[in-house]
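Engineer: Just run17.cif, nothing more (mmCIF, C-alpha atoms and all ligand atoms):
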```cif
data_run
loop_
_atom_site.label_atom_id
_atom_site.label_comp_id
_atom_site.auth_asym_id
_atom_site.auth_seq_id
_atom_site.Cartn_x
_atom_site.Cartn_y
_atom_site.Cartn_z
CA MET A 3 88.49 96.65 29.82
CA ARG A 4 90.77 93.88 28.44
CA VAL A 5 90.84 94.18 24.67
CA LEU A 6 92.46 92.16 21.89
CA VAL A 7 93.17 93.89 18.57
CA THR A 8 94.32 91.83 15.58
CA GLY A 9 96.13 93.46 12.68
CA SER A 10 97.46 95.90 15.30
CA SER A 11 100.51 96.79 13.18
CA GLY A 12 98.28 97.79 10.28
CA PHE A 13 96.75 101.08 9.26
CA ILE A 14 93.27 101.13 10.81
CA ALA A 15 94.07 98.94 13.84
CA GLY A 16 97.13 101.09 14.57
CA HIS A 17 94.81 104.09 15.01
CA LEU A 18 92.39 101.97 17.05
CA VAL A 19 95.16 100.78 19.41
CA ARG A 20 96.16 104.41 20.07
CA ARG A 21 92.60 105.33 20.85
CA LEU A 22 92.06 102.33 23.19
CA VAL A 23 95.36 102.85 25.03
CA ALA A 24 94.55 106.54 25.51
CA ALA A 25 91.17 105.57 26.97
CA GLY A 26 92.96 103.42 29.57
CA HIS A 27 92.09 99.95 28.27
CA GLU A 28 94.38 96.94 28.68
CA VAL A 29 95.31 96.24 25.06
CA THR A 30 96.95 93.19 23.50
CA GLY A 31 97.74 93.40 19.79
CA LEU A 32 98.34 90.44 17.47
CA ASP A 33 100.05 90.87 14.13
CA VAL A 34 102.47 88.88 12.01
CA ALA A 35 104.39 92.07 11.16
CA ALA A 36 105.99 94.71 13.39
CA PRO A 37 104.14 98.02 13.93
CA ARG A 38 105.02 100.81 11.53
CA ARG A 39 104.94 103.38 14.35
CA ALA A 40 105.59 103.01 18.06
CA VAL A 41 102.85 103.29 20.69
CA ASP A 42 103.62 102.63 24.37
CA GLY A 43 101.38 101.03 26.95
CA TRP A 44 100.15 97.85 25.30
CA ARG A 45 101.23 94.21 24.73
CA ASP A 46 102.42 93.71 21.18
CA VAL A 47 102.46 90.02 20.16
CA ARG A 48 103.95 88.71 16.87
CA LEU A 49 101.80 85.88 15.52
CA ASP A 50 100.50 84.54 12.22
CA LEU A 51 96.76 84.09 12.77
CA ARG A 52 96.84 81.02 10.53
CA ASP A 53 98.68 79.25 13.38
CA ASP A 54 95.68 77.75 15.23
CA ALA A 55 97.64 76.64 18.29
CA GLY A 56 99.38 80.00 18.58
CA VAL A 57 96.03 81.78 18.36
CA ALA A 58 94.52 79.56 21.08
CA ARG A 59 97.49 80.32 23.35
CA ALA A 60 97.55 84.06 22.70
CA VAL A 61 93.81 84.48 23.21
CA ALA A 62 93.79 82.36 26.39
CA GLU A 63 96.61 84.54 27.77
CA ALA A 64 94.97 87.85 26.83
CA LYS A 65 91.51 86.81 28.13
CA PRO A 66 89.86 89.65 26.21
CA GLU A 67 86.39 90.95 26.99
CA VAL A 68 86.23 92.45 23.52
CA VAL A 69 88.06 91.42 20.34
CA PHE A 70 88.55 93.82 17.44
CA HIS A 71 89.50 91.64 14.48
CA LEU A 72 91.18 93.68 11.74
CA ALA A 73 94.02 91.42 10.58
CA ALA A 74 93.37 90.42 6.99
CA GLN A 75 94.64 89.94 3.52
CA ALA A 76 93.25 93.37 2.60
CA SER A 77 93.90 93.71 -1.14
CA VAL A 78 91.40 92.91 -3.92
CA SER A 79 94.20 92.33 -6.47
CA VAL A 80 96.12 89.95 -4.19
CA SER A 81 92.90 88.00 -3.52
CA MET A 82 92.46 87.41 -7.27
CA ARG A 83 96.07 86.23 -7.61
CA GLU A 84 96.25 84.24 -4.38
CA PRO A 85 92.78 83.01 -3.40
CA ARG A 86 94.14 80.44 -0.96
CA LEU A 87 95.99 83.08 1.06
CA ASP A 88 92.88 85.26 1.05
CA ILE A 89 90.53 82.48 2.16
CA GLU A 90 92.90 81.11 4.81
CA THR A 91 93.55 84.55 6.30
CA ASN A 92 90.13 86.15 6.01
CA VAL A 93 87.77 83.22 6.52
CA ILE A 94 89.45 80.30 8.27
CA ALA A 95 91.63 82.32 10.67
CA SER A 96 88.62 84.52 11.56
CA VAL A 97 86.50 81.51 12.53
CA ILE A 98 89.27 79.88 14.60
CA LEU A 99 90.02 83.20 16.33
CA ALA A 100 86.35 83.88 17.13
CA ARG A 101 85.86 80.44 18.65
CA ALA A 102 89.02 80.89 20.75
CA ALA A 103 87.75 84.29 21.89
CA ALA A 104 84.38 82.85 22.95
CA GLU A 105 86.18 80.02 24.73
CA ALA A 106 88.26 82.60 26.65
CA GLY A 107 85.09 84.41 27.74
CA ALA A 108 84.91 87.34 25.31
CA ARG A 109 81.48 89.01 25.24
CA ARG A 110 81.79 90.87 21.90
CA PHE A 111 83.68 90.16 18.69
CA VAL A 112 83.94 93.11 16.33
CA PHE A 113 84.77 91.93 12.82
CA THR A 114 85.97 94.33 10.13
CA SER A 115 84.28 93.40 6.89
CA SER A 116 84.17 95.43 3.66
CA GLY A 117 81.21 97.52 2.58
CA GLY A 118 83.23 98.56 -0.46
CA ALA A 119 83.69 95.01 -1.79
CA MET A 120 80.77 92.90 -0.58
CA PHE A 121 78.03 94.38 -2.79
CA GLY A 122 79.84 94.03 -6.11
CA ALA A 123 78.04 96.21 -8.66
CA PRO A 124 74.85 97.21 -6.81
CA ALA A 125 71.79 98.26 -8.83
CA VAL A 126 71.41 101.32 -6.61
CA VAL A 127 74.30 103.50 -5.37
CA PRO A 128 74.69 104.30 -2.51
CA ALA A 129 74.28 100.72 -1.30
CA ASP A 130 73.03 100.13 2.23
CA ASP A 131 72.80 97.19 4.62
CA ASP A 132 69.73 95.84 2.79
CA THR A 133 71.57 95.68 -0.56
CA PRO A 134 72.04 92.07 -1.77
CA VAL A 135 75.52 90.75 -1.00
CA GLU A 136 77.01 89.89 -4.41
CA PRO A 137 80.80 90.36 -4.29
CA ARG A 138 82.80 90.48 -7.54
CA SER A 139 86.19 89.65 -6.00
CA PHE A 140 87.55 86.84 -3.85
CA TYR A 141 88.34 89.50 -1.22
CA GLY A 142 84.69 90.61 -1.12
CA ALA A 143 83.56 86.97 -1.01
CA SER A 144 85.95 86.16 1.85
CA LYS A 145 84.66 89.07 3.94
CA ALA A 146 81.00 88.19 3.23
CA SER A 147 81.66 84.50 4.02
CA ALA A 148 83.45 85.34 7.25
CA GLU A 149 80.37 87.29 8.35
CA GLN A 150 78.23 84.21 7.73
CA TYR A 151 80.61 81.94 9.62
CA LEU A 152 80.82 84.39 12.52
CA ARG A 153 77.02 84.37 12.80
CA ILE A 154 77.30 80.63 13.39
CA VAL A 155 79.96 81.16 16.07
CA GLU A 156 77.63 83.70 17.71
CA TRP A 157 74.76 81.23 17.68
CA GLU A 158 77.03 78.41 18.88
CA THR A 159 78.73 80.28 21.72
CA GLY A 160 76.55 83.24 22.75
CA MET A 161 79.42 85.71 22.15
CA THR A 162 77.84 88.58 20.22
CA VAL A 163 79.38 89.46 16.86
CA ALA A 164 79.33 92.92 15.30
CA SER A 165 80.55 93.74 11.82
CA VAL A 166 81.92 97.09 10.73
CA ARG A 167 81.67 97.26 6.92
CA PRO A 168 83.81 100.24 5.87
CA ALA A 169 83.99 101.90 2.49
CA ASN A 170 87.45 103.05 1.29
CA VAL A 171 89.36 104.09 4.39
CA TYR A 172 92.13 106.67 4.17
CA GLY A 173 94.25 108.71 6.56
CA PRO A 174 97.70 109.13 8.10
CA TYR A 175 99.98 106.07 8.36
CA GLN A 176 98.25 104.06 5.63
CA ASP A 177 100.83 101.91 3.83
CA PRO A 178 101.74 103.71 0.58
CA HIS A 179 103.61 100.69 -0.77
CA GLY A 180 100.76 98.18 -0.96
CA GLU A 181 98.27 97.59 -3.76
CA ALA A 182 95.28 98.99 -1.85
CA GLY A 183 94.88 102.50 -0.48
CA VAL A 184 94.85 104.87 -3.42
CA VAL A 185 95.08 108.02 -1.27
CA ALA A 186 98.27 106.86 0.45
CA ILE A 187 99.83 105.63 -2.79
CA PHE A 188 99.03 108.85 -4.70
CA ALA A 189 100.01 111.19 -1.83
CA GLU A 190 103.38 109.53 -1.28
CA ARG A 191 104.25 109.48 -4.98
CA MET A 192 103.11 113.07 -5.50
CA LEU A 193 105.15 114.35 -2.57
CA ARG A 194 108.22 112.61 -4.00
CA GLY A 195 107.46 114.02 -7.46
CA ASP A 196 107.10 110.48 -8.91
CA ALA A 197 104.72 109.40 -11.70
CA VAL A 198 101.20 108.48 -10.52
CA THR A 199 99.19 105.78 -12.32
CA ILE A 200 95.39 105.69 -12.43
CA PHE A 201 94.18 102.17 -13.30
CA GLY A 202 91.07 102.13 -15.53
CA THR A 203 89.36 105.25 -16.86
CA GLY A 204 89.67 107.38 -13.74
CA GLU A 205 85.87 107.62 -13.68
CA ASP A 206 85.46 104.67 -11.26
CA THR A 207 84.03 105.93 -7.98
CA ARG A 208 84.61 105.03 -4.35
CA ASP A 209 83.32 106.30 -1.01
CA TYR A 210 86.25 107.68 0.99
CA VAL A 211 85.86 107.61 4.78
CA TYR A 212 88.45 109.03 7.17
CA VAL A 213 90.21 106.59 9.50
CA ASP A 214 89.18 108.35 12.75
CA ASP A 215 85.54 107.99 11.72
CA VAL A 216 86.06 104.26 11.15
CA VAL A 217 87.75 103.88 14.55
CA GLU A 218 84.76 105.63 16.12
CA ALA A 219 82.44 103.11 14.43
CA GLN A 220 84.58 100.24 15.80
CA VAL A 221 84.30 101.56 19.36
CA ARG A 222 80.54 102.06 19.01
CA ALA A 223 80.17 98.54 17.58
CA ALA A 224 81.86 97.20 20.73
CA GLU A 225 79.71 99.24 23.10
CA ALA A 226 76.28 98.80 21.48
CA PRO A 227 73.83 96.54 23.33
CA ALA A 228 73.64 94.05 20.42
CA GLY A 229 76.04 92.79 17.76
CA GLU A 230 75.10 94.81 14.68
CA MET A 231 76.39 94.68 11.10
CA CYS A 232 76.58 98.11 9.49
CA VAL A 233 78.17 99.77 6.50
CA VAL A 234 80.35 102.74 7.36
CA GLY A 235 80.70 105.37 4.65
CA THR A 236 79.78 108.90 3.70
CA GLY A 237 77.27 108.12 0.93
CA ILE A 238 79.34 110.30 -1.43
CA GLU A 239 80.88 108.93 -4.64
CA THR A 240 84.25 110.38 -5.60
CA SER A 241 86.04 109.41 -8.82
CA THR A 242 89.68 108.35 -8.81
CA ARG A 243 90.40 111.28 -11.12
CA ARG A 244 88.88 113.68 -8.56
CA ILE A 245 91.03 112.15 -5.79
CA PHE A 246 94.05 112.67 -8.04
CA GLU A 247 93.10 116.35 -8.56
CA LEU A 248 92.39 117.07 -4.89
CA LEU A 249 95.65 115.44 -3.79
CA ALA A 250 97.61 117.18 -6.55
CA GLN A 251 96.33 120.50 -5.16
CA CYS A 252 97.31 119.59 -1.58
CA CYS A 253 100.76 118.35 -2.68
CA GLY A 254 101.51 121.05 -5.28
CA TYR A 255 101.90 118.26 -7.90
CA GLU A 256 101.86 119.38 -11.52
CA ARG A 257 102.45 116.22 -13.57
CA ALA A 258 99.57 114.57 -15.45
CA ALA A 259 98.33 111.14 -14.37
CA VAL A 260 99.64 108.06 -16.22
CA MET A 261 96.69 105.91 -17.30
CA GLY A 262 96.98 102.13 -16.73
CA PRO A 263 94.75 99.13 -17.54
CA PRO A 264 91.83 98.27 -15.23
CA ARG A 265 92.70 95.76 -12.49
CA ALA A 266 91.05 92.37 -11.94
CA GLY A 267 88.27 92.44 -9.35
CA ASP A 268 87.99 96.23 -9.26
CA ILE A 269 84.39 97.49 -9.36
CA ARG A 270 83.09 100.54 -11.25
CA ARG A 271 81.04 102.42 -8.65
CA ILE A 272 80.37 102.25 -4.95
CA ALA A 273 79.17 104.48 -2.14
CA LEU A 274 77.56 103.45 1.12
CA ASP A 275 74.50 104.83 2.88
CA ALA A 276 75.21 104.38 6.60
CA ALA A 277 71.57 104.77 7.71
CA ARG A 278 71.77 101.65 9.83
CA ALA A 279 74.99 102.73 11.59
CA ARG A 280 73.31 106.05 12.32
CA ALA A 281 70.24 104.31 13.80
CA VAL A 282 71.95 101.64 15.93
CA TRP A 283 75.36 103.19 16.74
CA GLY A 284 74.48 106.89 16.47
CA TRP A 285 77.39 107.03 13.99
CA THR A 286 77.84 109.67 11.29
CA PRO A 287 81.06 110.67 9.52
CA GLN A 288 82.63 113.80 11.00
CA VAL A 289 85.56 114.50 8.67
CA THR A 290 84.99 115.92 5.18
CA LEU A 291 87.06 114.60 2.27
CA GLU A 292 88.91 117.92 1.81
CA ASP A 293 89.81 118.09 5.51
CA GLY A 294 90.76 114.41 5.69
CA LEU A 295 92.97 114.64 2.60
CA ALA A 296 94.70 117.73 3.99
CA ARG A 297 95.42 115.93 7.28
CA THR A 298 96.66 112.87 5.41
CA VAL A 299 98.98 114.83 3.12
CA GLU A 300 100.37 116.72 6.12
CA SER A 301 101.32 113.48 7.86
CA PHE A 302 102.83 112.02 4.66
CA ARG A 303 104.74 115.26 4.10
CA GLN A 304 106.44 114.78 7.47
CA ALA A 305 107.25 111.14 6.65
CA VAL A 306 108.65 111.98 3.21
CA ALA A 307 110.62 115.06 4.38
CA PRO A 308 114.40 114.54 3.99
N1 LIG B 401 91.72 100.21 4.22
C1 LIG B 401 90.50 100.10 3.70
O1 LIG B 401 90.11 100.87 2.82
C2 LIG B 401 89.56 99.04 4.21
C3 LIG B 401 88.23 99.07 3.76
C4 LIG B 401 87.34 98.09 4.21
C5 LIG B 401 87.79 97.12 5.08
N2 LIG B 401 89.08 97.11 5.48
C6 LIG B 401 89.50 96.06 6.42
O2 LIG B 401 90.04 96.68 7.57
C7 LIG B 401 91.04 95.85 8.14
C8 LIG B 401 92.33 96.63 8.31
O3 LIG B 401 92.74 97.10 7.03
P1 LIG B 401 94.00 98.06 6.86
O4 LIG B 401 93.69 98.95 5.73
O5 LIG B 401 94.39 98.62 8.17
O6 LIG B 401 95.05 96.99 6.33
P2 LIG B 401 96.58 96.76 6.69
O7 LIG B 401 97.10 95.87 5.62
O8 LIG B 401 97.27 98.04 6.99
O9 LIG B 401 96.49 95.94 8.05
C9 LIG B 401 96.25 94.57 8.09
C10 LIG B 401 97.20 93.96 9.11
O10 LIG B 401 96.90 92.56 9.20
C11 LIG B 401 98.13 91.88 9.37
N3 LIG B 401 97.99 90.50 8.92
C12 LIG B 401 97.74 90.07 7.67
N4 LIG B 401 97.72 88.73 7.65
C13 LIG B 401 97.98 88.32 8.92
C14 LIG B 401 98.10 87.05 9.53
N5 LIG B 401 97.97 85.92 8.83
N6 LIG B 401 98.36 87.00 10.85
C15 LIG B 401 98.52 88.13 11.58
N7 LIG B 401 98.42 89.36 11.05
C16 LIG B 401 98.15 89.45 9.73
C17 LIG B 401 99.13 92.65 8.50
O11 LIG B 401 100.46 92.40 8.91
C18 LIG B 401 98.69 94.08 8.72
O12 LIG B 401 99.42 94.71 9.77
C19 LIG B 401 91.16 94.64 7.19
O13 LIG B 401 90.36 93.61 7.72
C20 LIG B 401 90.59 95.15 5.89
O14 LIG B 401 90.09 94.10 5.09
C21 LIG B 401 89.99 98.05 5.07
#
```
As a first step, turn the structure in this file into C-alpha cells.

Structural biologist:
Amino acid sequence: MRVLVTGSSGFIAGHLVRRLVAAGHEVTGLDVAAPRRAVDGWRDVRLDLRDDAGVARAVAEAKPEVVFHLAAQASVSVSMREPRLDIETNVIASVILARAAAEAGARRFVFTSSGGAMFGAPAVVPADDDTPVEPRSFYGASKASAEQYLRIVEWETGMTVASVRPANVYGPYQDPHGEAGVVAIFAERMLRGDAVTIFGTGEDTRDYVYVDDVVEAQVRAAEAPAGEMCVVGTGIETSTRRIFELLAQCCGYERAAVMGPPRAGDIRRIALDAARARAVWGWTPQVTLEDGLARTVESFRQAVAP
C-alpha cells in the first residue's frame, strides 16, 4: 500500500513509520523537522504543511492510498500563547492536506485528534465518544474543529475520514525537551539527576496510553470498513504525583519534586473509556502503565548514558 505519514519525524508518527515500513508498505513521510532517529526504507520529505503549494505537490507525487495525519502543534501551553500558529497548523493545514489527499485519490484519511483535550472538564470521568465536546484550550478546540472540517471534506470528496483521539501518549523516543509529554520530561531529568517540577497540585489526573497501543489504533483506523472517530485510552486515571513516584522508582531518583504553578489550559482530570474503539476496531490497550514506564525508562537510559 502507498501511505503518507505527516509529522513523521515526531514521536508517535516515528513509531508508526517503523511499523508501516516493517509491514512492507511504501511510505512517504512529511515533516518540517528532521527525524530524531534513523529508519531506512521510506521517502522522507522536509515540508512545512502550512505551504499549500508544497503540500499539493508532495501529495500528488506520493499518490497515497491512505494518509496518516499526525503533524501538529501538539502543546496545550503553546496553543494558549500562540493561537495563530495552533489554528494554522492544526486546522487550516489539515483541511488543505485532506483535500489534496482526496484529489490524489486517497481512500482513507486518518486524523490524530486529542481525546485528552477535546472534552475539557467532563461531568463524568472516564469520558467516552458520546461525551460533549467542550475543550478548555485552543489546542483542544483546534483538534475538535479539524474533526468537523474533515467531516465536510469527507462529505465533499467521498474519501473516508477516521479520527484517532488518544489520551496522554508516552513511550520511547518522545521529545523530553518540549512542553508536552510529562513522562519523557520527568524520565530524562530523573536519569540526569536534575530537579523535576510538577505544575499544579500533583493531583491532576491523566490517562496514560503506551505508544505501541496508539500505533495499533492508527493501523486499525486505516483498515476498518468505515471512517470511525474513537477515543483511545485505558480508562484509568493516574495523578501526576503517581507518575513522578513510579518513574522515580524506575530511575532510582531520590530527590523530592519541585512544585510549580498550574499552567494555562491544563485540565484537572481526564480518562477515556475506549468502548467505541473496542466495538469498531477491536482495539484494547495491551501495555500496562508499569510495563510501559519500564520500557520507556530503559530507552531513555540508553539515550542519556555517557
Ligand atoms: N503525545 C500525546 O500525548 C498526544 C496525545 C493526543 C494527541 N496527540 C497528537 O498526536 C500527533 C503526534 O503527536 P506527537 O506527540 O508525536 O508530537 P511531536 O511533536 O513529537 O510530533 C509532531 C510532528 O509534527 C511536526 N510538525 C509540526 N508542525 C508542522 C508543520 N507546520 N509542517 C510539518 N510538520 C510539522 C513536528 O516537526 C513534529 O515532528 C499530534 O497530532 C498530536 O496533537 C498526541

Engineer: Under the rule that all atoms listed in the file are counted, which of A:Leu99, A:Val80, A:Val166, A:Val185 is the nearest residue to Val217 of chain A?

Structural biologist: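 Ranked by minimum distance to Val217 of chain A, first place goes to A:Val166.
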
Engineer: Please report the interatomic distance between atom C2 of ligand LIG 401 (chain B) and atom CA of Ala104 of chain A in Å with one decimal.

Structural biologist: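 Pair atom C2 of ligand LIG 401 (chain B) / atom CA of Ala104 of chain A returns 25.3 Å.
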
Engineer: Within 7 Å of ligand LIG 401 (chain B) (counting all atoms listed in the file), which residues show up? I'd like them as a VMD selection string.

Structural biologist: chain A and resid 8 to 15 32 to 35 49 to 52 72 to 76 91 114 to 118 167 to 172 176 to 177 183

Engineer: Have a look at atom CA of Tyr151 of chain A and atom CA of Ile94 of chain A and let me know their distance in Å, one decimal.

Structural biologist: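 We find that atom CA of Tyr151 of chain A and atom CA of Ile94 of chain A lie 9.1 Å from each other.
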
Engineer: Hey, what's within 9 Å of Arg243 of chain A if we count all atoms listed in the file and toss same-chain stuff fewer than 2 positions away? As a VMD selection string, please?

Structural biologist: chain A and resid 200 203 to 207 240 to 241 245 to 248 259

Engineer: Of the candidates A:Ala60, A:Ile98, A:Ala281, A:Ala276, which shows the shortest atom-to-atom distance to Leu152 of chain A, using only C-alpha atoms?

Structural biologist: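 Among A:Ala60, A:Ile98, A:Ala281, A:Ala276, it is A:Ile98 that comes nearest to Leu152 of chain A.
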
Engineer: Measuring between all atoms listed in the file, which one of A:Val306, A:Ala223, A:Met261, A:Ala102 shows the shortest distance to Trp285 of chain A?

Structural biologist: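 Among the listed residues, A:Ala223 lies closest to Trp285 of chain A.
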
Engineer: Nearest residue to Ser144 of chain A out of A:Asp46, A:Glu84, A:Glu90, A:Glu158, using all atoms listed in the file?

Structural biologist: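 That would be A:Glu90, the residue with the smallest distance to Ser144 of chain A.
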
Engineer: Contacts of Ala143 of chain A at 9 Å or less, counting all atoms listed in the file, minus same-chain residues fewer than 5 places along, as a PyMOL selection string?

Structural biologist: chain A and resi 89+119-120+135-138+148
